[in-house]
$ cat query.cif   # mmCIF, C-alpha atoms and all ligand atoms
data_structure
loop_
_atom_site.label_atom_id
_atom_site.label_comp_id
_atom_site.auth_asym_id
_atom_site.auth_seq_id
_atom_site.Cartn_x
_atom_site.Cartn_y
_atom_site.Cartn_z
CA MET P 29 -19.49 -12.06 -5.77
CA THR P 30 -16.11 -12.84 -7.32
CA GLY P 31 -12.63 -11.58 -6.42
CA ILE P 32 -9.79 -10.82 -8.81
CA TYR P 33 -6.21 -11.61 -7.79
CA LEU P 34 -3.47 -10.02 -9.91
CA HIS P 35 -0.04 -11.54 -9.37
CA ILE P 36 2.81 -9.06 -9.87
CA PRO P 37 5.92 -11.28 -9.79
CA PHE P 38 8.64 -8.66 -9.51
CA CYS P 39 10.82 -7.73 -6.53
CA ALA P 40 13.74 -5.32 -6.21
CA VAL P 41 15.76 -8.01 -4.41
CA LYS P 42 14.89 -11.52 -3.29
CA CYS P 43 14.49 -11.89 0.49
CA PRO P 44 16.50 -14.87 1.82
CA TYR P 45 13.50 -16.65 3.39
CA CYS P 46 11.04 -16.22 0.51
CA ASP P 47 10.01 -18.89 -1.98
CA PHE P 48 7.15 -16.94 -3.60
CA PHE P 49 7.35 -16.80 -7.37
CA SER P 50 9.01 -13.51 -8.30
CA SER P 51 11.74 -12.20 -10.55
CA VAL P 52 13.99 -9.13 -10.54
CA TRP P 53 12.18 -5.91 -11.49
CA HIS P 54 12.55 -4.76 -15.08
CA ARG P 55 10.53 -1.80 -16.33
CA GLU P 56 10.03 -2.97 -19.94
CA THR P 57 9.08 -6.49 -18.85
CA ALA P 58 6.62 -5.00 -16.37
CA ASP P 59 5.04 -2.93 -19.18
CA ALA P 60 4.55 -6.06 -21.29
CA TYR P 61 3.24 -7.88 -18.24
CA ILE P 62 0.65 -5.18 -17.52
CA GLY P 63 -0.41 -5.37 -21.18
CA ALA P 64 -0.99 -9.10 -20.73
CA ILE P 65 -3.03 -8.55 -17.55
CA VAL P 66 -5.22 -6.05 -19.42
CA ARG P 67 -5.67 -8.53 -22.31
CA ASN P 68 -6.75 -11.23 -19.89
CA LEU P 69 -9.18 -8.94 -18.07
CA ALA P 70 -10.82 -8.30 -21.44
CA ALA P 71 -10.81 -11.98 -22.43
CA TYR P 72 -12.46 -13.54 -19.37
CA GLU P 73 -16.22 -13.20 -19.47
CA LEU P 74 -17.18 -12.91 -15.82
CA TRP P 75 -20.89 -12.32 -15.34
CA ASP P 76 -20.71 -12.20 -11.57
CA THR P 77 -20.19 -8.90 -9.75
CA VAL P 78 -16.56 -8.32 -8.73
CA ASP P 79 -16.26 -6.80 -5.26
CA SER P 80 -12.52 -7.19 -4.63
CA VAL P 81 -9.36 -6.67 -6.65
CA TYR P 82 -6.04 -7.62 -5.05
CA PHE P 83 -2.60 -6.69 -6.40
CA GLY P 84 -0.30 -9.26 -4.76
CA GLY P 85 3.22 -10.35 -5.34
CA GLY P 86 6.06 -10.02 -5.49
CA THR P 87 6.11 -6.30 -4.88
CA PRO P 88 3.19 -4.59 -6.67
CA SER P 89 4.28 -1.19 -5.33
CA LEU P 90 7.17 -1.33 -7.83
CA LEU P 91 4.54 -0.58 -10.50
CA SER P 92 4.01 3.03 -11.45
CA VAL P 93 0.67 4.64 -10.70
CA SER P 94 -0.04 4.81 -14.44
CA GLN P 95 0.51 1.04 -14.76
CA ILE P 96 -1.84 0.38 -11.84
CA ALA P 97 -4.41 2.84 -13.22
CA ARG P 98 -4.26 1.06 -16.58
CA VAL P 99 -5.21 -2.21 -14.87
CA LEU P 100 -7.99 -0.59 -12.84
CA ASP P 101 -9.38 1.08 -15.97
CA ALA P 102 -9.49 -2.36 -17.61
CA CYS P 103 -11.28 -3.78 -14.52
CA ALA P 104 -13.88 -1.02 -14.80
CA ALA P 105 -14.26 -1.54 -18.55
CA HIS P 106 -14.47 -5.33 -18.64
CA LEU P 107 -15.83 -6.47 -15.26
CA HIS P 108 -19.00 -5.82 -13.31
CA LEU P 109 -17.04 -3.97 -10.64
CA SER P 110 -19.13 -2.99 -7.61
CA ASP P 111 -19.07 0.66 -6.56
CA ASP P 112 -17.62 -0.23 -3.18
CA ALA P 113 -15.09 -2.81 -4.42
CA GLU P 114 -12.18 -3.41 -2.03
CA ILE P 115 -9.03 -2.67 -4.04
CA THR P 116 -5.87 -3.75 -2.24
CA LEU P 117 -2.23 -3.28 -3.17
CA GLU P 118 0.69 -4.92 -1.37
CA MET P 119 3.38 -2.36 -0.67
CA ASN P 120 7.03 -2.49 0.34
CA PRO P 121 7.74 0.08 3.09
CA ALA P 122 11.05 1.34 1.65
CA GLY P 123 11.34 4.90 0.40
CA GLU P 124 9.49 8.19 0.79
CA ARG P 125 6.22 7.73 -1.11
CA ALA P 126 3.83 10.64 -0.31
CA ALA P 127 3.14 11.64 -3.94
CA TYR P 128 2.96 8.00 -5.05
CA LEU P 129 0.47 7.16 -2.30
CA ARG P 130 -1.67 10.23 -3.02
CA GLU P 131 -1.90 9.32 -6.71
CA LEU P 132 -2.52 5.67 -5.89
CA ARG P 133 -5.47 6.62 -3.71
CA ALA P 134 -6.80 8.91 -6.46
CA ALA P 135 -6.49 6.04 -8.96
CA GLY P 136 -8.90 3.97 -6.85
CA VAL P 137 -6.74 1.81 -4.58
CA ASN P 138 -8.50 1.92 -1.19
CA ARG P 139 -6.62 -0.64 0.88
CA LEU P 140 -2.88 -1.09 1.45
CA SER P 141 -1.10 -4.15 2.77
CA VAL P 142 2.29 -2.97 3.98
CA GLY P 143 5.11 -5.53 4.28
CA THR P 144 6.47 -4.23 7.57
CA GLN P 145 7.28 -7.69 9.07
CA SER P 146 8.76 -6.17 12.26
CA PHE P 147 9.41 -2.82 13.92
CA SER P 148 12.83 -3.95 15.16
CA ASP P 149 15.83 -2.99 13.02
CA ALA P 150 17.79 -5.96 14.38
CA GLN P 151 15.00 -8.36 13.35
CA LEU P 152 14.70 -6.78 9.90
CA ARG P 153 18.45 -7.17 9.35
CA LEU P 154 18.33 -10.83 10.37
CA LEU P 155 15.44 -11.37 7.96
CA GLY P 156 17.43 -9.70 5.17
CA ARG P 157 14.78 -7.01 4.64
CA ARG P 158 16.02 -3.84 2.95
CA HIS P 159 13.93 -1.37 4.94
CA THR P 160 14.12 -0.11 8.50
CA ALA P 161 11.58 -0.10 11.31
CA GLN P 162 11.21 3.67 10.78
CA ASP P 163 10.48 3.07 7.06
CA GLY P 164 7.61 0.80 8.10
CA GLN P 165 6.14 3.40 10.45
CA ASN P 166 6.61 6.18 7.91
CA ALA P 167 4.91 4.17 5.16
CA ILE P 168 1.81 3.62 7.31
CA LEU P 169 1.65 7.21 8.61
CA THR P 170 2.17 8.66 5.13
CA ALA P 171 -0.48 6.38 3.62
CA TYR P 172 -2.93 7.45 6.31
CA ALA P 173 -2.11 11.13 5.73
CA GLN P 174 -2.72 10.63 2.00
CA GLY P 175 -6.24 9.27 2.55
CA PHE P 176 -5.85 5.53 3.15
CA GLN P 177 -8.14 4.56 6.01
CA ASN P 178 -7.81 0.81 5.53
CA ILE P 179 -4.20 -0.21 6.14
CA SER P 180 -2.97 -3.69 6.89
CA CYS P 181 0.53 -4.56 8.01
CA ASP P 182 2.39 -7.87 7.97
CA LEU P 183 4.18 -9.27 11.01
CA MET P 184 6.63 -12.16 10.94
CA LEU P 185 6.64 -14.40 14.02
CA ALA P 186 9.23 -16.93 15.21
CA CYS P 187 12.07 -15.06 13.48
CA PRO P 188 15.71 -15.66 14.45
CA ALA P 189 16.46 -14.21 17.90
CA GLN P 190 12.84 -13.18 18.43
CA THR P 191 11.96 -13.26 22.13
CA GLU P 192 8.69 -12.25 23.80
CA GLU P 193 10.34 -8.95 24.74
CA VAL P 194 11.50 -8.23 21.16
CA LEU P 195 8.06 -9.09 19.77
CA GLY P 196 6.38 -7.07 22.52
CA GLU P 197 8.26 -3.93 21.43
CA THR P 198 7.11 -4.42 17.83
CA LEU P 199 3.51 -4.88 18.98
CA GLU P 200 3.72 -1.73 21.14
CA THR P 201 4.94 0.25 18.12
CA LEU P 202 2.12 -1.17 16.02
CA ALA P 203 -0.42 -0.03 18.64
CA GLN P 204 0.57 3.61 17.97
CA LEU P 205 -0.12 3.34 14.24
CA PRO P 206 -3.38 3.80 12.27
CA VAL P 207 -3.60 0.15 11.31
CA THR P 208 -6.96 -1.58 10.72
CA HIS P 209 -5.69 -5.08 9.95
CA VAL P 210 -2.69 -7.29 10.72
CA SER P 211 -1.50 -10.46 9.00
CA ALA P 212 0.84 -12.36 11.34
CA TYR P 213 2.68 -15.37 9.95
CA LEU P 214 5.11 -17.81 11.52
CA LEU P 215 8.38 -17.81 9.60
CA GLN P 216 8.55 -20.98 7.52
CA VAL P 217 11.91 -22.35 6.49
CA GLU P 218 11.28 -23.22 2.85
CA PRO P 219 13.61 -25.76 1.17
CA GLY P 220 16.00 -24.24 -1.34
CA THR P 221 15.96 -20.72 0.11
CA PRO P 222 19.19 -19.08 1.38
CA LEU P 223 17.68 -19.17 4.89
CA SER P 224 17.36 -22.97 4.71
CA ARG P 225 21.16 -23.21 4.22
CA ASP P 226 22.12 -20.67 6.89
CA GLN P 227 22.76 -22.87 9.91
CA ALA P 228 23.94 -19.96 12.06
CA LEU P 229 20.65 -18.15 11.52
CA LEU P 230 18.50 -21.26 11.81
CA SER P 231 20.07 -22.03 15.18
CA GLN P 232 18.64 -18.73 16.46
CA CYS P 233 15.05 -19.56 15.46
CA PRO P 234 12.63 -20.28 18.34
CA ASP P 235 11.64 -23.95 18.73
CA ASP P 236 8.02 -25.05 18.20
CA ASP P 237 6.95 -24.37 21.80
CA ALA P 238 8.53 -20.92 21.81
CA ALA P 239 6.95 -20.17 18.41
CA ALA P 240 3.52 -21.16 19.76
CA GLY P 241 4.14 -18.85 22.73
CA LEU P 242 4.97 -15.93 20.42
CA TYR P 243 1.83 -16.63 18.39
CA LEU P 244 -0.39 -16.65 21.50
CA GLN P 245 1.29 -13.47 22.73
CA THR P 246 0.37 -11.86 19.40
CA VAL P 247 -3.26 -13.01 19.58
CA ARG P 248 -3.66 -11.68 23.14
CA THR P 249 -1.86 -8.39 22.56
CA LEU P 250 -3.61 -7.53 19.30
CA ALA P 251 -6.97 -8.27 20.95
CA SER P 252 -6.10 -5.79 23.68
CA PHE P 253 -5.54 -3.18 20.92
CA GLY P 254 -9.00 -3.86 19.42
CA LEU P 255 -7.67 -6.03 16.57
CA HIS P 256 -9.73 -9.20 16.92
CA GLN P 257 -8.63 -12.48 15.40
CA TYR P 258 -10.94 -13.64 12.60
CA GLU P 259 -8.64 -16.18 10.96
CA ILE P 260 -5.55 -18.11 12.06
CA SER P 261 -3.17 -15.41 10.77
CA SER P 262 -5.54 -12.45 10.39
CA PHE P 263 -6.63 -9.75 12.83
CA ALA P 264 -8.83 -6.72 12.19
CA ARG P 265 -10.83 -3.93 13.69
CA LYS P 266 -14.56 -4.68 13.32
CA GLY P 267 -15.62 -4.12 9.73
CA TYR P 268 -12.07 -4.17 8.34
CA GLU P 269 -11.72 -7.92 7.75
CA SER P 270 -10.19 -8.53 4.31
CA ARG P 271 -13.09 -9.05 1.93
CA HIS P 272 -10.76 -10.55 -0.66
CA ASN P 273 -9.00 -13.03 1.63
CA LEU P 274 -12.32 -14.13 3.15
CA LYS P 275 -13.24 -15.48 -0.30
CA TYR P 276 -10.42 -18.03 -0.03
CA TRP P 277 -11.61 -19.32 3.34
CA HIS P 278 -15.32 -19.20 2.45
CA CYS P 279 -14.62 -21.12 -0.80
CA GLU P 280 -16.08 -18.27 -2.84
CA PRO P 281 -14.98 -17.75 -6.47
CA TYR P 282 -11.84 -15.85 -7.39
CA LEU P 283 -9.95 -15.44 -10.62
CA GLY P 284 -6.17 -15.14 -10.52
CA ILE P 285 -4.43 -13.44 -13.43
CA GLY P 286 -0.67 -13.50 -13.93
CA ALA P 287 2.23 -15.96 -13.95
CA GLY P 288 1.86 -18.27 -10.97
CA ALA P 289 -1.64 -17.03 -10.04
CA HIS P 290 -4.22 -19.48 -8.66
CA SER P 291 -7.99 -19.45 -9.27
CA CYS P 292 -11.11 -21.18 -8.09
CA LEU P 293 -13.94 -20.64 -10.56
CA GLY P 294 -17.00 -22.81 -11.11
CA ARG P 295 -15.63 -25.40 -8.66
CA ARG P 296 -12.44 -25.79 -10.75
CA ARG P 297 -9.09 -24.91 -9.22
CA PHE P 298 -6.41 -23.95 -11.70
CA CYS P 299 -3.09 -22.14 -11.84
CA VAL P 300 -1.09 -20.26 -14.45
CA PRO P 301 2.45 -21.55 -15.17
CA LYS P 302 5.24 -19.65 -13.41
CA ASP P 303 6.62 -18.29 -16.67
CA ILE P 304 6.62 -14.50 -17.11
CA ALA P 305 7.69 -14.57 -20.77
CA ALA P 306 4.99 -17.09 -21.68
CA PHE P 307 2.34 -15.08 -19.83
CA CYS P 308 3.39 -11.89 -21.66
CA ALA P 309 3.37 -13.61 -25.06
CA ALA P 310 0.09 -15.54 -24.82
CA PRO P 311 -3.14 -13.92 -26.05
CA VAL P 312 -4.85 -15.50 -23.02
CA GLN P 313 -3.10 -17.06 -20.03
CA THR P 314 -2.67 -20.84 -19.84
CA GLU P 315 -4.82 -22.60 -17.24
CA ASP P 316 -3.36 -25.75 -15.68
CA THR P 317 -6.15 -27.54 -13.86
CA LEU P 318 -5.17 -28.53 -10.34
CA CYS P 319 -8.33 -30.27 -9.16
CA GLU P 320 -12.03 -29.94 -8.62
CA ALA P 321 -12.94 -28.04 -5.45
CA ALA P 322 -13.43 -30.90 -2.94
CA PRO P 323 -16.03 -31.13 -0.13
CA GLU P 324 -13.25 -31.27 2.48
CA ASP P 325 -11.91 -27.89 1.26
CA ARG P 326 -14.68 -26.08 3.10
CA ILE P 327 -13.71 -27.89 6.34
CA LEU P 328 -9.99 -27.28 5.82
CA LEU P 329 -10.47 -23.61 4.98
CA GLY P 330 -13.50 -22.91 7.20
CA LEU P 331 -11.69 -24.11 10.32
CA ARG P 332 -9.09 -21.40 9.73
CA LEU P 333 -11.80 -18.86 10.56
CA SER P 334 -12.66 -17.87 14.13
CA GLU P 335 -16.35 -18.30 13.24
CA GLY P 336 -15.56 -21.99 12.57
CA ILE P 337 -17.84 -24.38 10.69
CA PRO P 338 -21.22 -26.05 11.27
CA LEU P 339 -20.91 -29.26 13.27
CA SER P 340 -22.87 -31.05 10.55
CA TRP P 341 -19.96 -30.64 8.08
CA LEU P 342 -17.86 -33.09 10.10
CA SER P 343 -18.07 -36.85 9.63
CA ALA P 344 -19.31 -39.06 12.47
CA ALA P 345 -15.71 -40.22 13.02
CA ALA P 346 -14.49 -36.62 13.31
CA GLN P 347 -17.33 -35.70 15.70
CA LYS P 348 -16.22 -38.49 18.06
CA LYS P 349 -12.85 -36.74 18.42
CA LEU P 350 -14.36 -33.41 19.45
CA PRO P 351 -14.66 -34.00 23.23
CA ALA P 352 -10.96 -34.90 23.52
CA LEU P 353 -9.84 -31.94 21.38
CA ALA P 354 -12.14 -29.57 23.28
CA GLY P 355 -10.92 -30.98 26.59
CA ALA P 356 -7.32 -30.25 25.54
CA GLY P 357 -8.34 -26.64 24.83
CA TYR P 358 -7.85 -26.82 21.06
CA LEU P 359 -11.41 -26.09 19.97
CA THR P 360 -14.84 -25.02 21.13
CA CYS P 361 -18.13 -26.68 20.29
CA SER P 362 -20.83 -24.13 21.00
CA GLY P 363 -24.26 -25.08 19.82
CA GLU P 364 -23.99 -26.25 16.26
CA ARG P 365 -20.57 -24.75 15.44
CA VAL P 366 -17.01 -25.95 15.88
CA ALA P 367 -14.11 -23.48 16.00
CA LEU P 368 -10.43 -23.57 16.88
CA THR P 369 -9.29 -21.70 19.99
CA PRO P 370 -6.08 -19.62 19.78
CA GLU P 371 -4.28 -22.62 21.33
CA GLY P 372 -5.75 -24.83 18.59
CA SER P 373 -4.77 -22.27 15.94
CA ALA P 374 -1.16 -22.48 17.15
CA VAL P 375 -1.15 -26.19 16.15
CA SER P 376 -3.83 -25.91 13.48
CA ASN P 377 -2.32 -28.33 10.97
CA ALA P 378 -2.49 -31.21 13.42
CA VAL P 379 -5.98 -30.35 14.74
CA ILE P 380 -7.50 -29.87 11.27
CA ALA P 381 -5.85 -33.06 10.00
CA ALA P 382 -7.41 -34.96 12.90
CA LEU P 383 -10.87 -33.74 11.83
CA LEU P 384 -10.52 -34.59 8.12
CA VAL P 385 -11.62 -38.21 8.56
S1 LIG B 1 9.55 -8.59 -1.12
FE1 LIG B 1 8.02 -10.16 -0.53
S2 LIG B 1 7.68 -11.40 -2.38
FE2 LIG B 1 9.56 -10.20 -2.73
S3 LIG B 1 11.22 -11.59 -2.12
FE3 LIG B 1 10.72 -10.33 -0.30
S4 LIG B 1 9.18 -11.53 0.83
FE4 LIG B 1 9.31 -12.42 -1.25
#

$ encode --input "query.cif" --output "structure tokens" --more "lines below"
Ligand code: SF4
Amino acid sequence: MTGIYLHIPFCAVKCPYCDFFSSVWHRETADAYIGAIVRNLAAYELWDTVDSVYFGGGTPSLLSVSQIARVLDACAAHLHLSDDAEITLEMNPAGERAAYLRELRAAGVNRLSVGTQSFSDAQLRLLGRRHTAQDGQNAILTAYAQGFQNISCDLMLACPAQTEEVLGETLETLAQLPVTHVSAYLLQVEPGTPLSRDQALLSQCPDDDAAAGLYLQTVRTLASFGLHQYEISSFARKGYESRHNLKYWHCEPYLGIGAGAHSCLGRRRFCVPKDIAAFCAAPVQTEDTLCEAAPEDRILLGLRLSEGIPLSWLSAAAQKKLPALAGAGYLTCSGERVALTPEGSAVSNAVIAALLV
């Protein structure tokens, strides 16, 4: 089964911490861009069944329902789309959207990923988000009322001035909402962003130990709400794990369409240049090969999952390190599988790097 990722690189305003590829929204450019996505969907000859389509960004919810429906019609016309395909759209919480959400559901979108980030107005202001905590709650409740039963929300951890108490209030609010999935990410200070130059704000960010504490608080609290961790940053009710995102970690094929989109098809990893005008003008998108999918990818990506990886995937040198890492509480070795614990997930880069030998 293959997944389709559609990159929609438009945002109303750039958030000060974000280094994702996106540009300011422009209706005519978006129309041309959708035309190019449709052309590419027709041009790729995918024989495999497609069981997930993901509109990511950027802010895909800036698109009109007719633009989204045009893309989904092209998916149905040109792909072997399974009847139960997971069709996700990332959505910004701002604004009253009942009619939009109703039409979106009718067009075939069956999963929403809502960019809530926090349910604290003070935190949202510090992050430079242009929506309120109430907007986030309203977006989720309205989506549910309009027929969305699979709703994910994003949480940002280790934000400026975020304490366990502040985060706890956000998690308590989340517990009252009809959410089936949570993506919780530690705030990264990316070079070149306005946040990276804002010393006053950076000085309020939790240090590494405090950030790890906030992460572990999130893992424990979400588990108590029935949202189990299945990947380092992903939590879901049973049966609501993201089918699309699991393809990345299981090294399954996915095709990315759009400026800046990444793909892994037939063991080849490639990306499309981050050039909206070039993408709109080209009959078929340009593919810049990044590399061949490497054997260590499945270790690197598989260890992100709570299910872990088979012991046999690790080299003899890596297996010798397991007792010490398990003794420190960073991983478990049960039977023939190796998996990170939540404590290991909090320092995953170092633990995974130690095992890639
Ligand atoms: S809305 Fe999302 S993609 Fe757009 S600038 Fe903000 S964080 Fe980045």

$ residues_near_ligand --input "query.cif" --ligand "ligand LIG 1 (chain B)" --cutoff "8 Å" --atoms "only C-alpha atoms and all ligand atoms" --output "ChimeraX atom specification"
/P:37-50,85-87,120,143,157

$ residues_around --input "query.cif" --residues "Tyr282 (chain P)" --least-positions-apart "2" --cutoff "7 Å" --atoms "all atoms listed in the file" --output "PyMOL selection string"
chain P and resi 30-32+280+284+291-293

$ residues_near_point --input "query.cif" --point "(0.5, -5.2, -22.1)" --cutoff "10 Å" --atoms "all atoms listed in the file" --output "JSON list (two decimals) with C-alpha atoms, in the frame of the given file"
[["chain", "number", "residue", "atom", "x", "y", "z"],
["P", 57, "THR", "CA", 9.08, -6.49, -18.85],
["P", 58, "ALA", "CA", 6.62, -5.00, -16.37],
["P", 59, "ASP", "CA", 5.04, -2.93, -19.18],
["P", 60, "ALA", "CA", 4.55, -6.06, -21.29],
["P", 61, "TYR", "CA", 3.24, -7.88, -18.24],
["P", 62, "ILE", "CA", 0.65, -5.18, -17.52],
["P", 63, "GLY", "CA", -0.41, -5.37, -21.18],
["P", 64, "ALA", "CA", -0.99, -9.10, -20.73],
["P", 65, "ILE", "CA", -3.03, -8.55, -17.55],
["P", 66, "VAL", "CA", -5.22, -6.05, -19.42],
["P", 67, "ARG", "CA", -5.67, -8.53, -22.31],
["P", 68, "ASN", "CA", -6.75, -11.23, -19.89],
["P", 95, "GLN", "CA", 0.51, 1.04, -14.76],
["P", 98, "ARG", "CA", -4.26, 1.06, -16.58],
["P", 99, "VAL", "CA", -5.21, -2.21, -14.87],
["P", 308, "CYS", "CA", 3.39, -11.89, -21.66],
["P", 309, "ALA", "CA", 3.37, -13.61, -25.06]]

$ atom_distance --input "query.cif" --atom1 "CA of Met184 (chain P)" --atom2 "CA of Gln145 (chain P)"
4.9 Å

$ closest_residue --input "query.cif" --among "P:Ala251, P:Leu318, P:Phe263, P:Pro121" --to "Thr170 (chain P)" --atoms "all atoms listed in the file"
P:Pro121

$ atom_distance --input "query.cif" --atom1 "CA of Gly136 (chain P)" --atom2 "CA of Ser180 (chain P)"
16.8 Å

$ closest_residue --input "query.cif" --among "P:Leu129, P:Cys181, P:Leu333, P:Leu229" --to "Asn273 (chain P)" --atoms "all atoms listed in the file"
P:Leu333

$ residues_near_point --input "query.cif" --point "(2.6, -18.1, -18.6)" --cutoff "7 Å" --atoms "all atoms listed in the file" --output "list in words"
Ala287, Val300, Pro301, Lys302, Asp303, Ile304, Ala305, Ala306, Phe307, Cys308, Gln313 and Thr314 of chain P

$ closest_atom_pairs --input "query.cif" --of "region 301-358 of chain P" --to "region 381-384 of chain P" --cutoff "8 Å" --atoms "only C-alpha atoms" --output "Markdown table"
| residue | atom | partner | partner_atom | distance |
| --- | --- | --- | --- | --- |
| P:Glu324 | CA | P:Leu384 | CA | 7.1 |
| P:Ile327 | CA | P:Leu384 | CA | 7.6 |
| P:Leu328 | CA | P:Leu384 | CA | 7.7 |
| P:Leu342 | CA | P:Leu383 | CA | 7.2 |
| P:Ala346 | CA | P:Leu383 | CA | 4.9 |
| P:Gln347 | CA | P:Leu383 | CA | 7.8 |
| P:Lys349 | CA | P:Leu383 | CA | 7.5 |

$ write_last_selection --input "query.cif" --atoms "C-alpha atoms" --output "compact mmCIF listing (two decimals), keeping the file's coordinate frame"
# COMPACT_ATOMS: atom_id res chain seq x y z
CA GLU P 324 -13.25 -31.27 2.48
CA ILE P 327 -13.71 -27.89 6.34
CA LEU P 328 -9.99 -27.28 5.82
CA LEU P 342 -17.86 -33.09 10.10
CA ALA P 346 -14.49 -36.62 13.31
CA GLN P 347 -17.33 -35.70 15.70
CA LYS P 349 -12.85 -36.74 18.42

$ closest_residue --input "query.cif" --among "P:Ser94, P:Asn377, P:Thr77, P:Asn138" --to "Gln174 (chain P)" --atoms "only C-alpha atoms"
P:Asn138

$ atom_distance --input "query.cif" --atom1 "CA of Val312 (chain P)" --atom2 "CA of Val93 (chain P)"
24.2 Å

$ closest_residue --input "query.cif" --among "P:Leu155, P:Ala356, P:Ala321, P:Leu202" --to "Pro222 (chain P)" --atoms "only C-alpha atoms"
P:Leu155

$ residues_around --input "query.cif" --residues "Thr369 (chain P)" --least-positions-apart "3" --cutoff "6 Å" --atoms "all atoms listed in the file" --output "list in words"
Tyr358, Leu359 and Gly372 of chain P

$ build_atoms --input "query.cif" --residues "region 93-109 of chain P" --atoms "N, CA and C atoms" --output "PDB file, in the frame of the given file"
ATOM      1  N   VAL P  93       2.109   4.380 -10.858  1.00  0.00           N
ATOM      2  CA  VAL P  93       0.670   4.640 -10.700  1.00  0.00           C
ATOM      3  C   VAL P  93      -0.021   4.501 -12.059  1.00  0.00           C
ATOM      4  N   SER P  94       0.631   4.909 -13.132  1.00  0.00           N
ATOM      5  CA  SER P  94      -0.040   4.810 -14.440  1.00  0.00           C
ATOM      6  C   SER P  94      -0.236   3.341 -14.834  1.00  0.00           C
ATOM      7  N   GLN P  95       0.704   2.473 -14.472  1.00  0.00           N
ATOM      8  CA  GLN P  95       0.510   1.040 -14.760  1.00  0.00           C
ATOM      9  C   GLN P  95      -0.666   0.478 -13.950  1.00  0.00           C
ATOM     10  N   ILE P  96      -0.741   0.861 -12.690  1.00  0.00           N
ATOM     11  CA  ILE P  96      -1.840   0.380 -11.840  1.00  0.00           C
ATOM     12  C   ILE P  96      -3.172   0.941 -12.347  1.00  0.00           C
ATOM     13  N   ALA P  97      -3.175   2.223 -12.719  1.00  0.00           N
ATOM     14  CA  ALA P  97      -4.410   2.840 -13.220  1.00  0.00           C
ATOM     15  C   ALA P  97      -4.867   2.164 -14.508  1.00  0.00           C
ATOM     16  N   ARG P  98      -3.906   1.743 -15.329  1.00  0.00           N
ATOM     17  CA  ARG P  98      -4.260   1.060 -16.580  1.00  0.00           C
ATOM     18  C   ARG P  98      -5.007  -0.247 -16.271  1.00  0.00           C
ATOM     19  N   VAL P  99      -4.539  -0.965 -15.273  1.00  0.00           N
ATOM     20  CA  VAL P  99      -5.210  -2.210 -14.870  1.00  0.00           C
ATOM     21  C   VAL P  99      -6.597  -1.913 -14.300  1.00  0.00           C
ATOM     22  N   LEU P 100      -6.685  -0.898 -13.453  1.00  0.00           N
ATOM     23  CA  LEU P 100      -7.990  -0.590 -12.840  1.00  0.00           C
ATOM     24  C   LEU P 100      -8.977  -0.080 -13.885  1.00  0.00           C
ATOM     25  N   ASP P 101      -8.486   0.652 -14.875  1.00  0.00           N
ATOM     26  CA  ASP P 101      -9.380   1.080 -15.970  1.00  0.00           C
ATOM     27  C   ASP P 101      -9.924  -0.139 -16.711  1.00  0.00           C
ATOM     28  N   ALA P 102      -9.042  -1.139 -16.922  1.00  0.00           N
ATOM     29  CA  ALA P 102      -9.490  -2.360 -17.610  1.00  0.00           C
ATOM     30  C   ALA P 102     -10.501  -3.116 -16.754  1.00  0.00           C
ATOM     31  N   CYS P 103     -10.296  -3.126 -15.428  1.00  0.00           N
ATOM     32  CA  CYS P 103     -11.280  -3.780 -14.520  1.00  0.00           C
ATOM     33  C   CYS P 103     -12.632  -3.091 -14.684  1.00  0.00           C
ATOM     34  N   ALA P 104     -12.613  -1.766 -14.687  1.00  0.00           N
ATOM     35  CA  ALA P 104     -13.880  -1.020 -14.800  1.00  0.00           C
ATOM     36  C   ALA P 104     -14.536  -1.248 -16.154  1.00  0.00           C
ATOM     37  N   ALA P 105     -13.712  -1.396 -17.200  1.00  0.00           N
ATOM     38  CA  ALA P 105     -14.260  -1.540 -18.550  1.00  0.00           C
ATOM     39  C   ALA P 105     -14.803  -2.942 -18.818  1.00  0.00           C
ATOM     40  N   HIS P 106     -14.163  -3.958 -18.235  1.00  0.00           N
ATOM     41  CA  HIS P 106     -14.470  -5.330 -18.640  1.00  0.00           C
ATOM     42  C   HIS P 106     -15.149  -6.185 -17.563  1.00  0.00           C
ATOM     43  N   LEU P 107     -15.223  -5.681 -16.336  1.00  0.00           N
ATOM     44  CA  LEU P 107     -15.830  -6.470 -15.260  1.00  0.00           C
ATOM     45  C   LEU P 107     -17.047  -5.725 -14.722  1.00  0.00           C
ATOM     46  N   HIS P 108     -17.912  -6.468 -14.046  1.00  0.00           N
ATOM     47  CA  HIS P 108     -19.000  -5.820 -13.310  1.00  0.00           C
ATOM     48  C   HIS P 108     -18.438  -5.474 -11.929  1.00  0.00           C
ATOM     49  N   LEU P 109     -17.743  -4.363 -11.873  1.00  0.00           N
ATOM     50  CA  LEU P 109     -17.040  -3.970 -10.640  1.00  0.00           C
ATOM     51  C   LEU P 109     -18.016  -3.215  -9.740  1.00  0.00           C
TER      52      LEU P 109
END
